[in-house]
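Down below is the structure, laid out as structure tokens.
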Amino acid sequence: MMKYYFFAISLLITLYSCHDKYPFEQPWNKIFEKGSSLFKTVIAQKDQFELQIIYTQVKRDTADSIALVHHYFNQNDNQYFYPASTVKMPVAFLALEHINELKKSNAQINEYSTILFDSIAPPQSSEWTDNTSPTGYPNVSHYIEKIFSVSDNNAFNRLYEFLGQDLINDKLVEKGIFSNSKIIHRVGVSGFDRESNKYTNPYKIIGTQGDILYSQNELYALYNNHPVVTETIKGVGRYDDKVDSIINEPFNFTHKNFISLTDLQNALERIIFPRYFDIDQRFDLTDVQIEWLKSTMSKLPKEYDHLKSNEEYYDSYVKFLMYGDSKEPIPNHIDIYNKVGWAYGYLTDCAYIVDRKNNIDFFLSATIHVNGNQIYNDGVYEYDSIGIPFLAELGELVYQYELSKL
């Protein structure tokens with residue numbers, strides 16, 4: 001039986017609870033009151049849907065002076081949700097930063113340098129070519145492009161192997177990004193368990209003449225600083241593909257990746273407005289690299305040569321907020337710098353949205369859980385009927401609220 005029980009919502013606006021660091025400016029009433037019946041039902045049943053939202057206004061006193069004003073709805077940094085592919089965003093940022101670190105010892109290294117992955121033992125795999133890359137070989141730059149254009153799992157897994165657990169988590173903590181989060185496994189690939197995910201493949205960075213510019217042996221992670229989160233045991237059953245049947249026991253997320261919505265947006269804010277943060281809290285990237293990252297995050301699949309003829313990847317394929325429920329082209333004056341994730345019934349989007357025609361910009365991050373039968377890994381989730389329509393409408397409602405303030 002579905003766990004979602006839709007009920008009368010005439011008193012919705014008085015039912016929700018939220019905390020706001022800026023209580024003198026609470027936008028939720030005005031935003032929510034214009035929502036559809038589906039939207040208002042999700043808001044009213046926010047806990048059943050494990051809904052969390054962060055809306056951040058960008059206030060400008062001058063062109064060089066900004067303030068980020070955060071508004072929170074049902075947000076809880078200790079409440080577990082599965083982040084899915086959103087983990088790829090901070091790892092992509094760190095991979096580009098790590099290239100800069102390696103470049104200090106060998107000036108020939110850059111994000112376009114060929115990187116070849118070996119393997120020591122199963123379930124590791126090697127990768128020496130990439131037929132979607134302009135060069136025909138893997139490199140960090142193209143992996144990042146694949147992460148943001150279509151949320152490619154292999155691209156993330158290779159950057160995970162390039163960095164390793166220790167570097168990923170330690171760096172994000174040092175920058176003040178991770179306060180209660182962890183990235184401890186590859187995504188979308190079978191065979192790896194908690195222990196084997198601690199190992200990362202050996203790799204080589206190759207120069208234009210085939211010379212080895214840098215090499216790294218297999219690493220073993222010592223990371224053991226797991227966050228304190230609640231409700232990591234979920235549901236009533238899980239599908240086990242090894243026996244091709246439903247196992248009638250809860251699904252355990254204890255040893256899965258986790259990023260709080262706050263930490264996720266913290267990473268994005270450091271790319272969009274790096275000078276808003278102290279130097280030691282920024283990613284160590286050049287201005288050119290920052291602009292390239294922003295361009296890569298906002299580009300649509302059709303803007304890549306290897307994807308432009310693939311109809312599977314429509315404009316909003318990885319843009320849930322505002323446009324996720326439509327396959328129509330996104331207007332040219334709207335730019336969305338974001339990363340989405342979807343798995344196990346969780347849908348998450350962390351975005352910076354810009355309307356260049358009306359001079360509007362804001363951050364919006366949200367996660368929702370749509371798994372009515374409470375069975376995990378069975379592929380039966382209400383993504384299209386509830387989750388995506390809700391996120392698209394949320395983005396549109398916040399956008400209309402921003403327009404109303406002009």
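Labels for the structure tokens follow display order: chains A, B, ..., residues from 1 in each chain, ligands from 1.
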Taking only C-alpha atoms into account, produce a table as JSON lines in which each residue of segment 305-359 of chain A with an atom at most 7 Å from an atom of segment 71-85 of chain A appears once, together with its shortest atom pair and the distance in Å to one decimal, ordered by chain and rising number.
```
{"residue": "A:Val340", "atom": "CA", "partner": "A:Ser85", "partner_atom": "CA", "distance": 6.4}
{"residue": "A:Gly341", "atom": "CA", "partner": "A:Ser85", "partner_atom": "CA", "distance": 4.2}
{"residue": "A:Trp342", "atom": "CA", "partner": "A:Ala84", "partner_atom": "CA", "distance": 5.6}
{"residue": "A:Ala343", "atom": "CA", "partner": "A:Ala84", "partner_atom": "CA", "distance": 5.7}
{"residue": "A:Tyr346", "atom": "CA", "partner": "A:Tyr82", "partner_atom": "CA", "distance": 6.4}
{"residue": "A:Thr348", "atom": "CA", "partner": "A:Pro83", "partner_atom": "CA", "distance": 6.9}
```
Generate the output file for the selected residues, C-alpha atoms, as a PDB file, in the first residue's frame.
```
ATOM      1  CA  VAL A 340      21.118  16.372  -9.874  1.00  0.00           C
ATOM      2  CA  GLY A 341      20.930  12.895  -8.414  1.00  0.00           C
ATOM      3  CA  TRP A 342      18.327  10.151  -8.544  1.00  0.00           C
ATOM      4  CA  ALA A 343      18.380   6.661  -7.052  1.00  0.00           C
ATOM      5  CA  TYR A 346      15.459   9.956  -3.928  1.00  0.00           C
ATOM      6  CA  THR A 348      17.893  15.845  -5.466  1.00  0.00           C
TER       7      THR A 348
END
```
Which residue of A:Tyr112, A:Trp28, A:Phe93, A:Phe192 approaches Phe156 of chain A most closely, using only C-alpha atoms
A:Phe93
Between atom CA of Val140 of chain A and atom CA of His98 of chain A, measure the distance and give it in Å to one decimal.
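About the pair atom CA of Val140 of chain A and atom CA of His98 of chain A: they are 10.1 Å apart.
Across the structure, atom CA of Arg356 of chain A and atom CA of Asp335 of chain A are spaced 7.8 Å apart.
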Nearest residue to Asp170 of chain A from the set A:Phe32, A:Gln124, A:Thr296, A:Val91 (distances using only C-alpha atoms):
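Ranked by minimum distance to Asp170 of chain A, first place goes to A:Val91.
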Tell me, as a ChimeraX atom specification, which residues lie within 7 Å of Thr367 of chain A, counting only C-alpha atoms; anything in the same chain fewer than 4 positions away does not count.
/A:51-53,346-349
Out of A:Gln209, A:Asn29, A:Asn131, A:Asn338, which residue has the shortest atom-to-atom distance to Ile271 of chain A when counting only C-alpha atoms?
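Going through A:Gln209, A:Asn29, A:Asn131, A:Asn338 one by one, the smallest distance to Ile271 of chain A is for A:Asn338.
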Please identify the strand (DSSP E or B) residues within segment 198-288 of chain A (assignment by DSSP from backbone atoms) and present them as a list in words.
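Those in segment 198-288 of chain A that DSSP calls strand (DSSP E or B) are Tyr199, Thr200, Tyr203, Lys204, Ile205, Ile206, Ile212, Leu213, Tyr214, Ser215, Gln216, Leu219, Tyr220, Thr230, Ile233, Lys234, Gly237, Arg238, Tyr239, Asp240, Ser245, Ile246, Ile247, Phe251, Asn252 and Phe258 of chain A.
The interatomic distance for the pair atom CA of Lys357 of chain A and atom CA of Met322 of chain A works out to 16.4 Å.
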Here is a test: counting only C-alpha atoms, which residue of A:Ser151, A:Thr230, A:Asn169, A:Asn257 is nearest to Tyr317 of chain A?
A:Ser151
Go through A:Thr262, A:Thr254, A:Asn110, A:Ser36 and flag the residue nearest Ile184 of chain A, using only C-alpha atoms for the distances.
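Ranked by minimum distance to Ile184 of chain A, first place goes to A:Thr254.
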From a DSSP pass on the backbone, collect the residues of segment 151-305 of chain A flagged as alpha helix (DSSP H) and hand them back as a ChimeraX atom specification.
/A:153-163,165-174,261-272,287-298
Output N, CA and C atoms for every residue in that selection, as a CSV table (one decimal), in the first residue's frame.
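Saved as out29.csv:
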```
chain,number,residue,atom,x,y,z
A,153,ASN,N,28.2,7.9,-14.8
A,153,ASN,CA,28.7,7.2,-13.6
A,153,ASN,C,30.2,6.9,-13.7
A,154,ASN,N,30.6,6.3,-14.9
A,154,ASN,CA,32.0,5.9,-15.0
A,154,ASN,C,33.0,7.1,-14.9
A,155,ALA,N,32.5,8.3,-15.4
A,155,ALA,CA,33.4,9.5,-15.3
A,155,ALA,C,33.6,9.8,-13.8
A,156,PHE,N,32.5,9.8,-13.0
A,156,PHE,CA,32.7,10.0,-11.6
A,156,PHE,C,33.6,8.9,-10.9
A,157,ASN,N,33.4,7.7,-11.3
A,157,ASN,CA,34.2,6.6,-10.6
A,157,ASN,C,35.7,6.8,-10.9
A,158,ARG,N,36.0,7.2,-12.2
A,158,ARG,CA,37.4,7.4,-12.5
A,158,ARG,C,38.0,8.6,-11.7
A,159,LEU,N,37.2,9.7,-11.5
A,159,LEU,CA,37.7,10.8,-10.7
A,159,LEU,C,37.8,10.4,-9.2
A,160,TYR,N,36.9,9.5,-8.8
A,160,TYR,CA,37.0,9.0,-7.4
A,160,TYR,C,38.3,8.2,-7.3
A,161,GLU,N,38.7,7.4,-8.3
A,161,GLU,CA,39.9,6.7,-8.3
A,161,GLU,C,41.2,7.6,-8.4
A,162,PHE,N,41.0,8.7,-9.2
A,162,PHE,CA,42.1,9.7,-9.3
A,162,PHE,C,42.4,10.3,-8.0
A,163,LEU,N,41.4,10.5,-7.1
A,163,LEU,CA,41.6,11.3,-5.9
A,163,LEU,C,41.7,10.3,-4.7
A,165,GLN,N,39.4,8.2,-1.4
A,165,GLN,CA,38.6,8.6,-0.3
A,165,GLN,C,39.2,9.6,0.6
A,166,ASP,N,40.5,9.4,1.0
A,166,ASP,CA,41.1,10.3,2.0
A,166,ASP,C,41.2,11.7,1.5
A,167,LEU,N,41.7,11.9,0.3
A,167,LEU,CA,41.8,13.2,-0.3
A,167,LEU,C,40.5,13.9,-0.4
A,168,ILE,N,39.5,13.2,-0.9
A,168,ILE,CA,38.2,13.7,-1.1
A,168,ILE,C,37.6,14.3,0.2
A,169,ASN,N,37.5,13.4,1.2
A,169,ASN,CA,36.9,13.8,2.4
A,169,ASN,C,37.7,14.8,3.2
A,170,ASP,N,39.0,14.6,3.3
A,170,ASP,CA,39.8,15.5,4.0
A,170,ASP,C,39.8,17.0,3.5
A,171,LYS,N,39.9,17.0,2.1
A,171,LYS,CA,39.9,18.4,1.5
A,171,LYS,C,38.6,19.1,1.7
A,172,LEU,N,37.5,18.4,1.6
A,172,LEU,CA,36.2,19.0,1.7
A,172,LEU,C,35.9,19.5,3.2
A,173,VAL,N,36.5,18.7,4.1
A,173,VAL,CA,36.4,19.2,5.5
A,173,VAL,C,37.3,20.4,5.8
A,174,GLU,N,38.5,20.4,5.2
A,174,GLU,CA,39.4,21.5,5.4
A,174,GLU,C,38.8,22.8,4.9
A,261,LEU,N,22.2,18.6,2.4
A,261,LEU,CA,21.8,19.6,1.4
A,261,LEU,C,22.6,20.9,1.6
A,262,THR,N,22.9,21.2,2.9
A,262,THR,CA,23.7,22.4,3.2
A,262,THR,C,25.1,22.3,2.6
A,263,ASP,N,25.7,21.1,2.9
A,263,ASP,CA,27.1,20.9,2.4
A,263,ASP,C,27.2,20.9,0.9
A,264,LEU,N,26.1,20.3,0.2
A,264,LEU,CA,26.1,20.3,-1.2
A,264,LEU,C,26.1,21.7,-1.8
A,265,GLN,N,25.2,22.5,-1.2
A,265,GLN,CA,25.1,23.9,-1.7
A,265,GLN,C,26.4,24.7,-1.4
A,266,ASN,N,27.0,24.4,-0.2
A,266,ASN,CA,28.3,25.0,0.1
A,266,ASN,C,29.3,24.9,-1.0
A,267,ALA,N,29.4,23.7,-1.5
A,267,ALA,CA,30.3,23.4,-2.6
A,267,ALA,C,30.0,24.3,-3.8
A,268,LEU,N,28.8,24.3,-4.2
A,268,LEU,CA,28.4,25.1,-5.4
A,268,LEU,C,28.6,26.6,-5.2
A,269,GLU,N,28.3,27.1,-4.1
A,269,GLU,CA,28.5,28.5,-3.8
A,269,GLU,C,30.0,28.9,-4.0
A,270,ARG,N,30.9,28.1,-3.7
A,270,ARG,CA,32.3,28.4,-3.8
A,270,ARG,C,32.8,28.5,-5.2
A,271,ILE,N,32.1,27.9,-6.1
A,271,ILE,CA,32.4,28.0,-7.5
A,271,ILE,C,31.7,29.3,-8.1
A,272,ILE,N,30.5,29.5,-7.7
A,272,ILE,CA,29.7,30.6,-8.3
A,272,ILE,C,30.2,32.0,-7.8
A,287,ASP,N,41.0,31.7,-12.4
A,287,ASP,CA,39.8,32.3,-12.9
A,287,ASP,C,39.3,31.7,-14.2
A,288,VAL,N,40.2,31.3,-15.0
A,288,VAL,CA,39.8,30.6,-16.3
A,288,VAL,C,39.2,29.3,-16.0
A,289,GLN,N,39.7,28.5,-15.0
A,289,GLN,CA,39.1,27.2,-14.7
A,289,GLN,C,37.7,27.4,-14.0
A,290,ILE,N,37.6,28.4,-13.2
A,290,ILE,CA,36.2,28.7,-12.6
A,290,ILE,C,35.2,29.0,-13.7
A,291,GLU,N,35.6,29.8,-14.7
A,291,GLU,CA,34.7,30.1,-15.8
A,291,GLU,C,34.4,28.9,-16.6
A,292,TRP,N,35.4,28.1,-16.8
A,292,TRP,CA,35.1,26.8,-17.6
A,292,TRP,C,34.2,25.9,-16.9
A,293,LEU,N,34.4,25.8,-15.5
A,293,LEU,CA,33.5,24.9,-14.8
A,293,LEU,C,32.0,25.4,-14.8
A,294,LYS,N,31.9,26.7,-14.7
A,294,LYS,CA,30.5,27.3,-14.7
A,294,LYS,C,29.9,27.1,-16.1
A,295,SER,N,30.7,27.2,-17.2
A,295,SER,CA,30.2,27.0,-18.5
A,295,SER,C,29.8,25.5,-18.7
A,296,THR,N,30.6,24.6,-18.1
A,296,THR,CA,30.4,23.2,-18.2
A,296,THR,C,29.1,22.8,-17.5
A,297,MET,N,28.9,23.4,-16.3
A,297,MET,CA,27.7,23.0,-15.5
A,297,MET,C,26.4,23.5,-16.2
A,298,SER,N,26.5,24.6,-16.9
A,298,SER,CA,25.3,25.1,-17.5
A,298,SER,C,25.0,24.7,-18.9
```
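Nearest to Tyr199 of chain A of all the residues A:Ser260, A:Ser326, A:Asn217, A:Ser404 is A:Asn217, based on only C-alpha atoms.
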